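Undergrad: The following file, final-v9.cif, comprises mmCIF, C-alpha atoms and all ligand atoms:
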```cif
data_structure
loop_
_atom_site.label_atom_id
_atom_site.label_comp_id
_atom_site.auth_asym_id
_atom_site.auth_seq_id
_atom_site.Cartn_x
_atom_site.Cartn_y
_atom_site.Cartn_z
CA MET A 1 21.30 -2.38 33.56
CA ILE A 2 18.27 -3.17 31.36
CA LYS A 3 15.11 -3.71 33.40
CA VAL A 4 11.80 -5.32 32.46
CA ASP A 5 8.38 -4.65 34.02
CA VAL A 6 5.17 -6.42 33.08
CA HIS A 7 1.78 -4.71 33.42
CA ALA A 8 -1.03 -7.12 32.68
CA PRO A 9 -4.43 -7.97 34.06
CA SER A 10 -4.35 -11.02 36.34
CA SER A 11 -6.94 -12.66 34.05
CA ILE A 12 -4.14 -12.94 31.47
CA LEU A 13 -1.17 -13.65 33.68
CA GLY A 14 -2.94 -15.99 36.07
CA MET A 15 -2.85 -15.44 39.83
CA ASP A 16 0.13 -13.10 39.65
CA LYS A 17 3.20 -12.38 37.56
CA GLN A 18 4.97 -15.45 38.90
CA HIS A 19 2.47 -17.52 36.97
CA VAL A 20 4.66 -16.91 33.95
CA ASP A 21 7.10 -19.67 34.71
CA LEU A 22 10.75 -18.71 34.27
CA THR A 23 12.09 -22.26 34.61
CA GLN A 24 11.90 -23.13 30.93
CA ALA A 25 13.47 -19.84 29.92
CA GLN A 26 16.25 -20.46 32.46
CA GLN A 27 16.92 -23.79 30.72
CA SER A 28 16.88 -22.06 27.29
CA LEU A 29 19.37 -19.46 28.54
CA GLN A 30 21.61 -22.26 29.74
CA ASN A 31 21.24 -24.00 26.35
CA LEU A 32 22.27 -20.74 24.65
CA PHE A 33 25.39 -20.31 26.80
CA ASP A 34 26.18 -24.03 26.30
CA LYS A 35 25.64 -23.60 22.51
CA ASN A 36 23.11 -26.38 22.69
CA VAL A 37 20.49 -24.65 20.49
CA GLN A 38 19.39 -24.95 16.85
CA GLY A 39 21.77 -22.89 14.70
CA SER A 40 24.52 -22.99 17.34
CA GLU A 41 27.12 -22.49 14.59
CA TRP A 42 25.80 -18.87 14.36
CA LEU A 43 26.67 -17.82 17.91
CA GLY A 44 29.86 -15.88 17.11
CA TRP A 45 28.14 -12.74 18.47
CA LEU A 46 27.85 -14.44 21.88
CA ASP A 47 31.55 -15.37 21.84
CA THR A 48 32.41 -11.69 21.24
CA LEU A 49 30.22 -10.65 24.16
CA LEU A 50 31.90 -13.21 26.43
CA LEU A 51 35.45 -12.05 25.53
CA GLU A 52 37.20 -9.85 28.08
CA SER A 53 38.04 -7.39 25.31
CA ASN A 54 38.68 -7.03 21.56
CA LYS A 55 41.07 -4.09 21.89
CA GLU A 56 43.05 -4.78 18.69
CA GLU A 57 39.98 -4.93 16.49
CA LEU A 58 38.57 -1.79 18.11
CA ALA A 59 41.87 0.02 17.59
CA SER A 60 41.97 -0.80 13.88
CA ILE A 61 38.34 0.29 13.49
CA GLN A 62 39.09 3.53 15.34
CA ARG A 63 42.13 4.21 13.11
CA LYS A 64 40.06 3.76 9.96
CA ALA A 65 37.24 5.87 11.41
CA ALA A 66 39.67 8.70 12.22
CA GLN A 67 41.06 8.56 8.68
CA LEU A 68 37.57 8.67 7.14
CA GLN A 69 36.67 11.58 9.44
CA SER A 70 39.74 13.51 8.29
CA ILE A 71 38.94 13.17 4.58
CA SER A 72 35.12 13.34 4.56
CA ASP A 73 32.22 15.73 5.02
CA PHE A 74 29.77 12.91 4.23
CA VAL A 75 30.14 9.17 4.69
CA LEU A 76 27.58 7.14 2.77
CA CYS A 77 26.82 3.82 4.44
CA ILE A 78 25.39 1.36 1.93
CA GLY A 79 23.69 -1.72 3.38
CA ILE A 80 20.31 -3.20 4.23
CA GLY A 81 18.73 -5.13 7.14
CA GLY A 82 21.31 -6.22 9.67
CA SER A 83 23.97 -4.45 7.63
CA TYR A 84 22.79 -1.00 8.79
CA LEU A 85 20.02 -1.05 11.42
CA GLY A 86 22.26 -1.34 14.50
CA ALA A 87 24.50 1.57 13.50
CA ALA A 88 21.49 3.70 12.53
CA ALA A 89 19.80 2.89 15.87
CA THR A 90 22.88 3.91 17.85
CA MET A 91 23.24 7.20 15.99
CA THR A 92 19.57 8.08 16.49
CA ALA A 93 19.68 7.21 20.18
CA SER A 94 23.00 8.75 21.15
CA LEU A 95 22.88 12.29 22.50
CA ARG A 96 26.49 13.23 21.95
CA TYR A 97 25.58 16.29 19.93
CA GLU A 98 29.08 17.79 20.06
CA ALA A 99 30.88 14.63 19.00
CA LYS A 100 28.37 14.10 16.21
CA GLN A 101 28.75 17.68 15.00
CA LEU A 102 32.53 17.39 14.68
CA ALA A 103 32.25 14.14 12.72
CA PRO A 104 31.22 13.79 9.07
CA GLU A 105 27.54 13.33 8.41
CA VAL A 106 26.74 9.63 8.08
CA ARG A 107 23.92 8.82 5.65
CA PHE A 108 22.39 5.35 5.31
CA VAL A 109 21.45 4.41 1.74
CA GLY A 110 20.60 1.31 -0.25
CA THR A 111 17.53 0.30 1.74
CA HIS A 112 15.16 0.65 -1.21
CA LEU A 113 15.34 0.85 -4.96
CA GLY A 114 13.32 4.01 -5.69
CA ALA A 115 15.48 6.49 -7.64
CA SER A 116 14.33 9.77 -6.07
CA GLU A 117 16.30 9.55 -2.81
CA LEU A 118 19.58 8.71 -4.58
CA LYS A 119 19.04 11.45 -7.17
CA ASP A 120 18.38 14.02 -4.44
CA LEU A 121 21.42 12.81 -2.52
CA MET A 122 23.74 13.12 -5.52
CA THR A 123 22.38 16.60 -6.29
CA GLU A 124 22.93 17.62 -2.67
CA LEU A 125 26.49 16.26 -2.67
CA GLU A 126 27.34 18.04 -5.91
CA ALA A 127 26.38 21.46 -4.52
CA PRO A 128 29.46 23.19 -3.06
CA LYS A 129 29.86 23.84 0.67
CA HIS A 130 29.20 27.32 2.14
CA ASP A 131 32.85 28.24 1.57
CA GLY A 132 32.57 27.30 -2.12
CA THR A 133 34.70 24.17 -1.88
CA LYS A 134 33.68 20.70 -2.99
CA LYS A 135 31.96 18.34 -0.52
CA ARG A 136 34.26 15.45 0.41
CA VAL A 137 32.46 12.12 0.24
CA SER A 138 33.45 8.58 1.26
CA ILE A 139 31.61 5.26 1.15
CA ILE A 140 31.33 2.33 3.55
CA VAL A 141 29.66 -0.57 1.73
CA ILE A 142 28.40 -3.41 3.94
CA SER A 143 27.19 -6.76 2.64
CA LYS A 144 28.13 -10.05 4.23
CA SER A 145 26.99 -12.09 1.23
CA GLY A 146 28.10 -9.51 -1.34
CA SER A 147 25.11 -10.54 -3.44
CA THR A 148 22.31 -8.33 -2.06
CA VAL A 149 20.80 -6.51 -5.04
CA GLU A 150 19.76 -3.34 -3.16
CA THR A 151 23.28 -2.90 -1.76
CA GLY A 152 25.10 -3.95 -4.94
CA VAL A 153 23.15 -1.69 -7.29
CA THR A 154 23.33 1.31 -4.94
CA PHE A 155 27.09 0.78 -4.57
CA ARG A 156 27.48 0.59 -8.35
CA ILE A 157 25.65 3.93 -8.78
CA LEU A 158 27.49 5.72 -5.97
CA ARG A 159 30.86 4.21 -6.94
CA ALA A 160 30.44 5.68 -10.42
CA TRP A 161 29.49 9.01 -8.84
CA LEU A 162 32.55 8.90 -6.58
CA LYS A 163 34.89 8.11 -9.48
CA LYS A 164 33.50 11.11 -11.35
CA HIS A 165 33.73 13.56 -8.45
CA HIS A 166 36.82 12.30 -6.60
CA ALA A 167 38.57 10.76 -9.59
CA ASP A 168 42.06 10.06 -8.25
CA GLU A 169 41.06 9.32 -4.68
CA ALA A 170 38.02 7.11 -5.18
CA LYS A 171 39.81 3.92 -4.15
CA ASP A 172 40.96 5.44 -0.84
CA ARG A 173 37.48 6.70 -0.10
CA ILE A 174 35.83 3.28 -0.14
CA VAL A 175 35.78 0.72 2.67
CA ALA A 176 34.09 -2.66 2.20
CA ILE A 177 32.77 -4.76 5.10
CA THR A 178 32.04 -8.28 3.90
CA SER A 179 32.75 -11.98 4.32
CA SER A 180 36.42 -12.94 4.72
CA SER A 181 36.27 -15.70 2.17
CA SER A 182 33.47 -15.44 -0.37
CA GLY A 183 31.19 -13.21 -2.41
CA SER A 184 31.59 -10.76 -5.26
CA LEU A 185 32.11 -7.76 -2.93
CA ARG A 186 35.16 -9.48 -1.43
CA THR A 187 36.56 -10.13 -4.93
CA LEU A 188 35.84 -6.58 -6.09
CA ALA A 189 37.42 -5.08 -2.96
CA LEU A 190 40.57 -7.18 -3.36
CA GLU A 191 40.92 -6.32 -7.05
CA ALA A 192 40.29 -2.61 -6.49
CA GLY A 193 42.48 -2.40 -3.38
CA TYR A 194 39.78 -1.08 -1.03
CA ASP A 195 40.36 -1.30 2.70
CA THR A 196 38.21 -4.07 4.15
CA PHE A 197 36.79 -5.31 7.43
CA VAL A 198 35.33 -8.75 7.98
CA VAL A 199 31.82 -9.84 8.94
CA PRO A 200 32.64 -13.02 10.87
CA ASP A 201 31.28 -16.18 9.21
CA ASP A 202 29.49 -17.22 12.41
CA VAL A 203 27.64 -13.91 12.90
CA GLY A 204 24.38 -13.29 11.03
CA GLY A 205 23.49 -9.79 9.83
CA ARG A 206 20.96 -8.92 12.53
CA PHE A 207 23.39 -10.04 15.25
CA SER A 208 26.31 -8.07 13.78
CA VAL A 209 25.95 -4.61 15.34
CA LEU A 210 28.91 -5.22 17.68
CA SER A 211 31.17 -6.36 14.81
CA PRO A 212 32.78 -3.96 12.26
CA VAL A 213 29.35 -3.81 10.55
CA GLY A 214 28.02 -1.57 13.32
CA LEU A 215 31.21 -0.39 14.95
CA LEU A 216 32.89 1.34 11.98
CA PRO A 217 29.95 3.61 11.06
CA ILE A 218 29.30 4.31 14.77
CA ALA A 219 32.95 5.30 15.29
CA VAL A 220 32.91 7.46 12.13
CA ALA A 221 29.92 9.31 13.62
CA GLY A 222 32.11 10.26 16.60
CA LEU A 223 30.61 7.86 19.14
CA ASP A 224 32.54 5.80 21.65
CA ILE A 225 32.69 2.19 20.51
CA GLU A 226 34.77 1.08 23.51
CA GLU A 227 32.03 2.30 25.84
CA LEU A 228 29.42 0.57 23.66
CA MET A 229 31.29 -2.75 23.90
CA GLU A 230 31.93 -2.36 27.62
CA GLY A 231 28.22 -1.74 28.24
CA ALA A 232 27.33 -4.83 26.22
CA ARG A 233 29.81 -7.05 28.09
CA LYS A 234 28.76 -5.68 31.48
CA GLN A 235 25.15 -6.53 30.59
CA VAL A 236 26.11 -10.13 29.77
CA LYS A 237 27.89 -10.45 33.12
CA GLU A 238 24.77 -9.10 34.84
CA ILE A 239 22.64 -11.66 33.01
CA GLN A 240 25.00 -14.44 34.10
CA GLN A 241 24.64 -13.31 37.72
CA ASP A 242 20.94 -12.43 37.72
CA PRO A 243 19.00 -13.31 34.57
CA VAL A 244 15.52 -12.47 35.86
CA ASP A 245 14.88 -9.53 33.49
CA VAL A 246 15.95 -11.33 30.31
CA LEU A 247 14.01 -14.43 31.39
CA THR A 248 10.93 -12.34 32.16
CA LEU A 249 11.02 -10.73 28.71
CA ALA A 250 11.41 -14.04 26.85
CA SER A 251 8.93 -15.99 29.01
CA THR A 252 6.27 -13.30 28.94
CA ARG A 253 6.47 -12.86 25.18
CA LYS A 254 6.20 -16.65 24.74
CA TRP A 255 3.29 -16.77 27.20
CA PHE A 256 1.40 -14.03 25.32
CA MET A 257 2.09 -15.73 21.99
CA ASP A 258 0.74 -19.04 23.29
CA LYS A 259 -2.36 -17.21 24.59
CA GLY A 260 -3.10 -15.88 21.08
CA TYR A 261 -1.60 -12.39 21.42
CA THR A 262 0.14 -12.65 18.07
CA ILE A 263 1.00 -8.96 17.52
CA GLU A 264 3.68 -7.29 19.60
CA CYS A 265 3.50 -3.54 19.19
CA LEU A 266 6.95 -2.06 19.92
CA SER A 267 6.56 1.53 20.98
CA SER A 268 8.27 4.37 22.80
CA PHE A 269 7.55 7.80 24.21
CA ASP A 270 11.16 8.83 23.45
CA GLN A 271 11.75 9.70 19.80
CA ILE A 272 15.42 8.83 20.13
CA CYS A 273 14.42 5.19 20.70
CA SER A 274 12.88 4.94 17.22
CA GLY A 275 16.01 3.34 15.71
CA LEU A 276 16.21 0.84 18.58
CA ILE A 277 12.63 -0.17 17.79
CA ASP A 278 13.51 -0.66 14.10
CA TRP A 279 16.48 -2.79 15.16
CA VAL A 280 14.40 -4.94 17.55
CA GLN A 281 11.70 -5.29 14.91
CA GLN A 282 14.21 -6.78 12.48
CA LEU A 283 15.98 -8.89 15.12
CA GLN A 284 12.76 -10.49 16.32
CA GLY A 285 10.86 -10.55 13.03
CA GLU A 286 13.62 -12.26 11.06
CA SER A 287 14.68 -14.53 13.91
CA GLU A 288 11.29 -15.66 15.20
CA GLY A 289 8.89 -15.70 12.23
CA LYS A 290 9.44 -19.39 11.46
CA ASP A 291 7.55 -22.67 11.10
CA SER A 292 4.15 -20.86 11.05
CA MET A 293 4.93 -19.32 14.46
CA GLY A 294 6.16 -16.00 15.77
CA LEU A 295 4.88 -12.69 17.06
CA PHE A 296 4.37 -10.01 14.42
CA PRO A 297 6.58 -7.09 15.53
CA ALA A 298 4.57 -3.95 14.73
CA SER A 299 5.75 -0.50 15.79
CA ALA A 300 4.18 2.74 16.96
CA PHE A 301 5.53 6.08 18.21
CA TYR A 302 3.77 7.80 21.08
CA SER A 303 2.22 10.27 21.61
CA ARG A 304 1.91 10.65 17.79
CA ASP A 305 0.26 7.28 17.16
CA LEU A 306 -2.03 7.45 20.19
CA HIS A 307 -4.03 9.77 17.94
CA SER A 308 -4.23 7.18 15.14
CA LEU A 309 -3.27 3.56 15.95
CA GLY A 310 -4.21 4.18 19.60
CA GLN A 311 -7.86 3.62 18.73
CA TRP A 312 -7.08 0.16 17.27
CA VAL A 313 -4.89 -0.74 20.23
CA GLN A 314 -7.56 0.27 22.78
CA ASP A 315 -10.67 -1.08 21.09
CA GLY A 316 -9.49 -3.55 18.45
CA PRO A 317 -9.33 -7.34 18.81
CA ARG A 318 -7.45 -8.69 21.80
CA ILE A 319 -4.56 -10.11 19.80
CA LEU A 320 -2.02 -7.40 20.58
CA PHE A 321 0.30 -6.65 23.47
CA GLU A 322 2.71 -3.76 23.73
CA THR A 323 6.40 -3.55 24.50
CA ILE A 324 7.34 -0.01 25.44
CA ILE A 325 11.04 0.88 25.26
CA SER A 326 11.72 3.59 27.85
CA LEU A 327 14.59 5.71 29.11
CA GLU A 328 14.64 5.93 32.91
CA ASN A 329 16.29 9.36 32.73
CA PRO A 330 14.81 11.79 30.20
CA SER A 331 16.99 12.38 27.15
CA ALA A 332 16.55 16.18 27.36
CA GLU A 333 14.55 18.68 29.39
CA ILE A 334 12.47 21.81 28.70
CA GLU A 335 10.52 23.79 31.31
CA ILE A 336 7.04 24.71 30.12
CA PRO A 337 6.96 28.54 30.16
CA SER A 338 4.43 30.79 31.86
CA ASP A 339 2.50 33.09 29.55
CA ASP A 340 0.00 35.90 30.12
CA GLN A 341 -2.22 34.57 27.32
CA LYS A 342 -4.75 32.02 28.57
CA ASP A 343 -4.68 28.75 26.58
CA GLY A 344 -6.07 26.24 29.07
CA PHE A 345 -2.61 24.96 30.06
CA GLU A 346 -1.80 27.55 32.75
CA ASP A 347 -1.55 24.81 35.40
CA LEU A 348 1.37 23.21 33.55
CA ALA A 349 3.56 26.33 33.59
CA HIS A 350 7.03 25.66 35.06
CA LYS A 351 6.53 21.91 34.91
CA PRO A 352 9.21 19.85 33.11
CA LEU A 353 8.12 18.56 29.68
CA SER A 354 9.51 15.14 30.66
CA TRP A 355 6.94 15.00 33.50
CA VAL A 356 4.11 15.58 30.99
CA ASN A 357 5.61 12.88 28.76
CA GLU A 358 5.94 10.48 31.71
CA SER A 359 2.29 11.18 32.63
CA ALA A 360 1.25 10.37 29.05
CA LYS A 361 3.16 7.10 29.29
CA LYS A 362 1.73 6.12 32.69
CA GLY A 363 -1.79 7.04 31.56
CA THR A 364 -1.41 5.00 28.36
CA ILE A 365 -0.09 1.94 30.19
CA LYS A 366 -2.97 2.10 32.72
CA ALA A 367 -5.64 2.65 30.04
CA HIS A 368 -4.26 -0.24 28.00
CA TYR A 369 -3.66 -2.92 30.60
CA GLU A 370 -6.85 -2.22 32.54
CA ASP A 371 -8.69 -2.80 29.28
CA GLY A 372 -7.01 -6.17 28.66
CA ILE A 373 -3.96 -5.12 26.60
CA PRO A 374 -0.83 -6.40 28.32
CA VAL A 375 2.17 -4.07 28.41
CA ILE A 376 5.83 -4.97 28.85
CA GLU A 377 8.19 -2.13 29.67
CA VAL A 378 11.88 -2.49 28.76
CA LYS A 379 13.89 0.26 30.45
CA LEU A 380 17.33 1.61 29.57
CA PRO A 381 18.90 3.84 32.22
CA ASP A 382 19.78 6.52 29.63
CA ALA A 383 21.06 6.97 26.08
CA THR A 384 24.81 6.67 26.67
CA GLU A 385 26.79 4.31 24.44
CA ALA A 386 27.16 1.97 27.47
CA SER A 387 23.38 1.68 27.85
CA ILE A 388 22.83 1.26 24.12
CA GLY A 389 25.46 -1.52 24.06
CA ALA A 390 23.72 -3.16 27.04
CA PHE A 391 20.41 -2.95 25.20
CA PHE A 392 21.86 -4.71 22.13
CA ALA A 393 23.37 -7.50 24.25
CA PHE A 394 20.18 -7.88 26.29
CA TYR A 395 17.94 -8.18 23.23
CA MET A 396 20.24 -10.53 21.31
CA ILE A 397 20.28 -12.88 24.30
CA ALA A 398 16.51 -12.51 24.87
CA THR A 399 15.95 -13.40 21.19
CA GLY A 400 18.23 -16.45 21.47
CA VAL A 401 16.26 -17.59 24.55
CA MET A 402 12.93 -17.02 22.78
CA GLY A 403 14.16 -19.01 19.76
CA ASP A 404 15.01 -21.96 21.99
CA LEU A 405 11.69 -21.69 23.88
CA MET A 406 9.89 -21.82 20.52
CA GLY A 407 12.04 -24.71 19.29
CA ILE A 408 13.07 -22.87 16.11
CA HIS A 409 16.30 -21.99 14.27
CA ALA A 410 16.53 -18.30 15.16
CA TYR A 411 19.58 -17.53 13.03
CA ASN A 412 18.54 -18.25 9.45
CA GLN A 413 16.06 -16.40 7.22
CA PRO A 414 14.67 -18.76 4.57
CA GLY A 415 11.70 -16.44 4.00
CA VAL A 416 13.98 -13.57 3.00
CA GLU A 417 15.90 -15.82 0.65
CA ALA A 418 12.61 -16.71 -1.10
CA TYR A 419 11.96 -13.15 -2.28
CA LYS A 420 15.59 -12.72 -3.37
CA LYS A 421 15.37 -15.86 -5.50
CA GLU A 422 12.18 -14.72 -7.24
CA MET A 423 13.57 -11.21 -7.85
CA LEU A 424 16.76 -12.61 -9.38
CA THR A 425 14.73 -14.89 -11.67
CA ILE A 426 12.83 -11.84 -12.93
CA LEU A 427 16.03 -9.79 -13.31
CA ARG A 428 18.19 -12.47 -14.90
CA GLY A 429 15.76 -15.03 -16.25
O1 LIG B 1 19.88 -10.39 9.36
C1 LIG B 1 20.21 -10.71 8.22
O2 LIG B 1 20.93 -11.68 8.00
C2 LIG B 1 19.73 -9.90 7.03
O3 LIG B 1 18.89 -8.87 7.44
C3 LIG B 1 20.93 -9.31 6.29
O4 LIG B 1 21.65 -8.46 7.16
C4 LIG B 1 20.46 -8.52 5.06
O5 LIG B 1 19.68 -9.35 4.24
C5 LIG B 1 21.66 -8.02 4.27
O6 LIG B 1 22.47 -9.07 3.87
P1 LIG B 1 23.94 -8.84 3.33
O7 LIG B 1 24.76 -8.25 4.43
O8 LIG B 1 24.43 -10.18 2.90
O9 LIG B 1 23.83 -7.88 2.16
#
```
Could you render the structure from this file as structure tokens?
Ligand code: PA5

TA:
Amino acid sequence: MIKVDVHAPSSILGMDKQHVDLTQAQQSLQNLFDKNVQGSEWLGWLDTLLLESNKEELASIQRKAAQLQSISDFVLCIGIGGSYLGAAATMTASLRYEAKQLAPEVRFVGTHLGASELKDLMTELEAPKHDGTKKRVSIIVISKSGSTVETGVTFRILRAWLKKHHADEAKDRIVAITSSSSGSLRTLALEAGYDTFVVPDDVGGRFSVLSPVGLLPIAVAGLDIEELMEGARKQVKEIQQDPVDVLTLASTRKWFMDKGYTIECLSSFDQICSGLIDWVQQLQGESEGKDSMGLFPASAFYSRDLHSLGQWVQDGPRILFETIISLENPSAEIEIPSDDQKDGFEDLAHKPLSWVNESAKKGTIKAHYEDGIPVIEVKLPDATEASIGAFFAFYMIATGVMGDLMGIHAYNQPGVEAYKKEMLTILRG
């Protein structure tokens, strides 16, 4: 389902694309499926992908989502990093306008500590609806550890707001997604009687989009989580039968890294892929930036950034390659109109806008790789939940393979822990 193409000058790849040897990546993929990799105790996400189905869990998530939909105009999702990026990516990418319109509006909060956004949000929620009635608000709080300051403090502020504005119902309007066994959020949820879902112990945050962490908010937003899971599982089966695309992605990235291309610029010509880029950026950045190694995952949005960062990409130092995330079928279409006013674009009248966009993409790829900037294209067929699920599965496996190729522990994040420790020392002495 997910396809990978590499555009690179032969001076970088060697005689031809086959010069990037897939044998080692094939071994790393085998190691991943055999759980013979560093951090193998964190491969719960792979077990879920290899299951035939998780119907019962999906059904209980769907029941809770339906209940939240029936009592809410807004659902505030509090979480940071892996505790929100997958759900946010799916909502940005999915084109189910009708389903999304019928569902409550899902807002992601708690990703920074500046006060202005929360103040504006509370003011907005306090204003009555068009019919004069009160806005109905619920909260999904997501923290595996339960100790993340950004999430905890935001939850404290919004919990107090909820108690004030939905006094008697506050408890029934809060769902906590956290560890099954430890952490202060688990204790608080039990004491307060909130409904809870579990982040499995063997699934790290950035690999948790296909657990309740991603699935509950996605279902609340009216999207089809069964289709998402089916797409993900189908992708894994495809990889088991023919792994060439996942191996090409991992091997080529490793090859570029070893050749000194240390920046990977993740980009797209489809705005709806912006959340997927954020998700990949976190997945790869937090998994691979270890032991003084790792590609720096930058991001750019085209055409916008061709008129700013494009200059650096084209003429800057040769330490960057691009990974363009593309949709094979355009997400929407507009025909460029004819007009009796001359504006220099008469020749484009009646052409589809997607054709102009595709031409911009092809032109950019050619200009970049002919000038020594390698480009990898990762293609999703479309933006259905099945394709988005396939994309998540594909990238989680590709990241596991890359981790093994690099000889690192891809599933921990000691660097993130370092900042948390220093912040807590300042806060608490
Ligand atoms: O990938 C990860 O593990 C991190 O990005 C976490 O998801 C993030 O730090 C949030 O952690 P928690 O869910 O414990 O609040």

Undergrad: Using only C-alpha atoms, which of A:Val37, A:Ala93, A:Leu43, A:Ile373 sits nearest Ser274 (chain A)?

TA: A:Ala93

Undergrad: Show me which residues line ligand LIG 1 (chain B), defined as having an atom within 8 Å of a ligand atom where all atoms listed in the file count, and present them as a VMD selection string.

TA: chain A and resid 79 to 84 142 to 149 151 178 204 to 207 282 to 283 286 411 to 413 416

Undergrad: Choose the residue, out of A:Cys77, A:Leu85, A:Arg159, A:Leu102, that has the smallest atom-to-atom separation from Val141 (chain A); count only C-alpha atoms.

TA: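 Between A:Cys77, A:Leu85, A:Arg159, A:Leu102, the residue approaching Val141 (chain A) most closely is A:Cys77.
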
Undergrad: Here is a test: counting only C-alpha atoms, which residue of A:Gly310, A:Gly344, A:Pro212, A:Pro297 is nearest to Ala59 (chain A)?

TA: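 Nearest to Ala59 (chain A): A:Pro212.
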
Undergrad: Taking all atoms listed in the file into account, name the residue in A:Ala250, A:Val236, A:Phe296, A:Glu57 that is nearest to Leu216 (chain A).

TA: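 Comparing A:Ala250, A:Val236, A:Phe296, A:Glu57 against Leu216 (chain A), the winner is A:Glu57.
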
Undergrad: Can you work out which one of A:Glu358, A:Asp201, A:Asp340, A:Asp195 has the shortest atom-to-atom distance to Val175 (chain A), counting all atoms listed in the file?

TA: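 Smallest distance to Val175 (chain A) is found for A:Asp195.
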
Undergrad: Using only C-alpha atoms, which protein or nucleic acid residues come within 12 Å of Val313 (chain A)? Drop anything in the same chain fewer than 2 positions from it, and give the result as a PyMOL selection string.

TA: chain A and resi 263-267+298-300+305-311+315-322+364-365+367-369+371-375

Undergrad: Nearest to Val220 (chain A): which of A:Ser40, A:Ser138, A:Ser10, A:Asn31 is it, counting all atoms listed in the file?

TA: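 Comparing A:Ser40, A:Ser138, A:Ser10, A:Asn31 against Val220 (chain A), the winner is A:Ser138.
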
Undergrad: Show me, as a list in words, the residues that have an atom within 9 Å of Leu49 (chain A) when counting all atoms listed in the file, minus same-chain residues fewer than 5 positions from it.

TA: Gly44, Leu210, Met229, Ala232, Arg233, Lys234, Val236 and Ala393 of chain A

Undergrad: In Å to one decimal, how far is CA of Met91 (chain A) from CA of Ala103 (chain A)?

TA: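 Atom-to-atom, CA of Ala103 (chain A) and CA of Met91 (chain A) are spaced 11.8 Å apart.
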
Undergrad: Determine, counting only C-alpha atoms, which protein, DNA and RNA residues have an atom within 10 Å of an atom of Phe33 (chain A); residues of the same chain fewer than 5 positions away are not included. Present the result as a PyMOL selection string.

TA: chain A and resi 27-28+40+43+46-47+50+240+397+400-401

Undergrad: Any idea what the distance is between CA of Val280 (chain A) and CA of Arg63 (chain A)?

TA: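 Interatomic distance here is 29.5 Å.
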
Undergrad: Between CA of Ile324 (chain A) and CA of Ala88 (chain A), what is the spacing in Å?

TA: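 CA of Ala88 (chain A) sits 19.5 Å away from CA of Ile324 (chain A).
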
Undergrad: At a cut-off of 9 Å, using only C-alpha atoms, what residues contact region 66-73 of chain A? Leave out same-chain residues fewer than 3 positions from it and give the result as a VMD selection string.

TA: chain A and resid 61 to 63 102 to 106 135 to 138 173 219 to 222

Undergrad: Excluding region 22-24 of chain A and any residue of its chain fewer than 5 positions from it, enumerate the residues within 9 Å of it, using all atoms listed in the file, and give them as a PyMOL selection string.

TA: chain A and resi 29+244+247-248+250-252+405
